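This is data07.txt. It holds compact mmCIF, C-alpha atoms.
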# COMPACT_ATOMS: atom_id res chain seq x y z
CA MET A 104 0.00 0.00 0.00
CA SER A 105 1.41 3.32 -0.96
CA GLU A 106 1.83 6.24 1.40
CA MET A 107 -0.63 8.31 -0.66
CA SER A 108 -3.49 5.79 -0.45
CA LYS A 109 -2.96 5.30 3.31
CA SER A 110 -3.16 9.06 3.98
CA SER A 111 -6.29 9.37 1.81
CA GLU A 112 -7.89 6.47 3.73
CA ASP A 113 -7.04 8.21 7.03
CA PHE A 114 -8.55 11.41 5.72
CA VAL A 115 -11.76 9.61 4.69
CA ASP A 116 -11.97 7.90 8.11
CA LYS A 117 -11.53 11.22 9.94
CA LEU A 118 -14.14 12.84 7.71
CA ALA A 119 -16.62 10.02 8.36
CA GLN A 120 -16.02 10.28 12.12
CA ALA A 121 -16.57 14.04 12.02
CA ASP A 122 -19.81 13.56 10.04
CA LEU A 123 -21.03 10.96 12.54
CA SER A 124 -20.17 13.24 15.43
CA ARG A 125 -22.06 16.13 13.81
CA LEU A 126 -25.04 13.90 13.07
CA ARG A 127 -25.11 12.59 16.64
CA SER A 128 -24.93 16.16 17.97
CA THR A 129 -27.77 17.27 15.69
CA ILE A 130 -29.97 14.34 16.72
CA GLU A 131 -29.31 14.99 20.42
CA ALA A 132 -30.18 18.67 20.03
CA GLY A 133 -33.32 17.79 18.10
CA LEU A 134 -34.43 15.33 20.79
CA ARG A 135 -33.84 17.92 23.53
CA ASP A 136 -35.94 20.43 21.59
CA LEU A 137 -38.66 17.84 20.98
CA PHE A 138 -38.91 16.87 24.66
CA GLY A 139 -38.78 20.51 25.78
CA GLY A 140 -41.58 21.38 23.37
CA ALA A 141 -43.64 18.40 24.52
CA ILE A 142 -43.28 19.41 28.16
CA SER A 143 -44.22 23.02 27.34
CA GLY A 144 -47.24 21.78 25.39
CA VAL A 145 -48.46 19.58 28.24
CA ILE A 146 -48.08 22.43 30.72
CA SER A 147 -49.96 24.77 28.39
CA VAL A 148 -52.83 22.27 28.04
CA VAL A 149 -53.04 21.91 31.83
CA TYR A 150 -53.19 25.69 32.20
CA CYS A 151 -55.89 25.90 29.50
CA VAL A 152 -58.06 23.32 31.24
CA SER A 153 -57.65 24.93 34.66
CA TYR A 154 -58.39 28.44 33.37
CA ALA A 155 -61.42 27.17 31.45
CA ALA A 156 -62.68 25.48 34.62
CA PHE A 157 -62.18 28.77 36.47
CA ILE A 158 -64.00 30.86 33.85
CA PHE A 159 -66.78 28.34 33.14
CA SER A 160 -67.83 27.71 36.72
CA GLY A 161 -71.18 28.24 38.40
CA PRO A 162 -74.06 28.55 35.93
CA LEU A 163 -71.66 27.90 33.03
CA ALA A 164 -70.47 24.53 34.38
CA PRO A 165 -72.61 22.51 31.91
CA TRP A 166 -70.68 24.15 29.06
CA LEU A 167 -67.19 23.50 30.42
CA GLY A 168 -66.35 21.49 27.30
CA TYR A 169 -66.95 24.58 25.16
CA GLY A 170 -64.76 26.59 27.50
CA ILE A 171 -61.92 24.10 27.26
CA ALA A 172 -62.19 24.07 23.46
CA ALA A 173 -62.24 27.88 23.35
CA THR A 174 -59.15 28.22 25.55
CA LEU A 175 -57.25 25.55 23.61
CA ILE A 176 -58.09 27.17 20.27
CA SER A 177 -57.20 30.68 21.43
CA THR A 178 -53.96 29.46 23.02
CA THR A 179 -53.02 27.63 19.82
CA ILE A 180 -53.67 30.70 17.71
CA ALA A 181 -51.73 32.96 20.09
CA ALA A 182 -48.79 30.53 20.22
CA PHE A 183 -48.76 30.30 16.42
CA VAL A 184 -48.77 34.09 16.02
CA VAL A 185 -46.02 34.54 18.60
CA ALA A 186 -43.93 31.81 16.97
CA LEU A 187 -44.24 33.49 13.58
CA ARG A 188 -43.84 37.11 14.66
CA SER A 189 -41.36 36.96 17.53
CA SER A 190 -37.84 38.20 16.99
CA VAL A 191 -36.62 35.71 19.60
CA PRO A 192 -36.62 32.20 18.07
CA PHE A 193 -37.21 30.27 21.30
CA THR A 194 -40.18 32.34 22.50
CA ILE A 195 -43.31 30.40 23.42
CA ALA A 196 -46.77 31.69 24.26
CA GLY A 197 -49.41 30.31 26.55
CA PRO A 198 -52.41 31.27 28.63
CA ASP A 199 -51.86 33.93 31.26
CA SER A 200 -53.32 33.89 34.77
CA SER A 201 -53.95 37.62 35.00
CA THR A 202 -55.89 37.66 31.73
CA SER A 203 -57.87 34.62 32.85
CA VAL A 204 -58.81 36.30 36.12
CA VAL A 205 -60.04 39.42 34.31
CA THR A 206 -61.97 37.28 31.82
CA ALA A 207 -63.51 35.24 34.65
CA THR A 208 -64.58 38.43 36.39
CA LEU A 209 -66.17 39.78 33.21
CA VAL A 210 -67.92 36.48 32.54
CA ALA A 211 -69.18 36.21 36.13
CA ALA A 212 -70.64 39.72 35.94
CA LEU A 213 -72.29 39.01 32.58
CA VAL A 214 -73.71 35.65 33.64
CA GLY A 215 -74.96 37.15 36.91
CA TRP A 216 -76.75 39.87 34.98
CA LEU A 217 -78.20 37.38 32.47
CA VAL A 218 -79.45 35.04 35.22
CA ALA A 219 -80.93 37.96 37.16
CA ASN A 220 -82.86 38.99 34.05
CA GLY A 221 -84.16 35.46 33.37
CA ALA A 222 -81.92 34.43 30.47
CA THR A 223 -80.75 31.18 32.07
CA ASP A 224 -81.04 29.14 28.85
CA HIS A 225 -78.86 31.46 26.77
CA VAL A 226 -75.74 32.21 28.77
CA LEU A 227 -73.19 30.38 26.61
CA GLU A 228 -73.44 32.48 23.45
CA PRO A 229 -73.01 35.90 25.14
CA THR A 230 -70.18 34.46 27.23
CA LEU A 231 -68.28 33.27 24.17
CA VAL A 232 -68.88 36.61 22.41
CA LEU A 233 -67.61 38.46 25.49
CA THR A 234 -64.46 36.35 25.74
CA VAL A 235 -63.70 36.85 22.04
CA MET A 236 -64.25 40.60 22.36
CA ALA A 237 -62.04 40.76 25.45
CA GLU A 238 -59.30 38.85 23.66
CA ARG A 239 -59.53 41.12 20.62
CA LEU A 240 -59.32 44.18 22.87
CA SER A 241 -56.29 42.73 24.62
CA PHE A 242 -54.66 41.96 21.26
CA ALA A 243 -55.39 45.47 19.97
CA ASN A 244 -53.92 46.96 23.14
CA ARG A 245 -50.71 44.96 22.68
CA ALA A 246 -50.52 45.87 18.99
CA ILE A 247 -50.89 49.59 19.76
CA GLY A 248 -48.20 49.29 22.42
CA LEU A 249 -45.85 47.67 19.92
CA LEU A 250 -46.54 50.33 17.31
CA GLN A 251 -45.72 53.15 19.72
CA ARG A 252 -42.18 51.91 20.31
Could you express the structure from this file as structure tokens?
Amino acid sequence: MSEMSKSSEDFVDKLAQADLSRLRSTIEAGLRDLFGGAISGVISVVYCVSYAAFIFSGPLAPWLGYGIAATLISTTIAAFVVALRSSVPFTIAGPDSSTSVVTATLVAALVGWLVANGATDHVLEPTLVLTVMAERLSFANRAIGLLQR
């Protein structure tokens, strides 16, 4: 075997080892990101369910399923928008406790008023409209704040 072919074989071996090392590193990083995202997703779902249970309590308890669906859909949309528009690549979005408390207070006041005025059969629709309007107002407030910078 000539000296030239032995050095080229060594070079190919070193190159293959470097490629395997890079591939292993990429797979490990991808798995860490996957598990981190899965954990964040599970935590976000738990928050959505708990906030929906908080908002859809009392006279709204029969419609808790709608509340859970509404919070999951709005959280998914917000997370998608933040993921697309954020300048920080690892930013995640999820439900917020302070917003949920304000929404629960608004919903409780509305449902109390509706029940006091005899509209016990139709409390879900105005509640969903109110939560959508409150979310839109919150989004508009954030957008105006970003534009003023």
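For the pair CA of Val235 (chain A) and CA of Gly144 (chain A), the separation is 22.6 Å.
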Long-range neighbours of region 154-166 of chain A as a ChimeraX atom specification, 10 Å cut-off, all atoms listed in the file, 4 positions minimum in chain: /A:148-150,170-175,198-200,202-211,214-215,218,223-224,226-227,230,234
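Here CA of Ser177 (chain A) and CA of Ala246 (chain A) stand 16.8 Å from one another.
Residues in contact with Ser143 (chain A) at 12 Å, where all atoms listed in the file are counted and same-chain residues fewer than 2 positions away are skipped, are listed as A:Asp136, A:Leu137, A:Phe138, A:Gly139, A:Gly140, A:Ala141, A:Val145, A:Ile146, A:Ser147, A:Val148, A:Val149, A:Tyr150, A:Ala182, A:Phe193, A:Thr194, A:Ile195, A:Ala196, A:Gly197, A:Pro198.
Here CA of Glu131 (chain A) is placed at a distance of 28.5 Å from CA of Glu112 (chain A).
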Where is the centre and how long are the edges: axis-aligned box on region 166-174 of chain A, 6 Å on each side, Å to one decimal, as JSON:
{"center_x": -64.9, "center_y": 24.9, "center_z": 26.9, "size_x": 23.5, "size_y": 18.7, "size_z": 19.1}
Smallest atom-to-atom distance to Val232 (chain A): which of A:Ala186, A:Leu213, A:Ala121, A:Val191, using all atoms listed in the file? A:Leu213
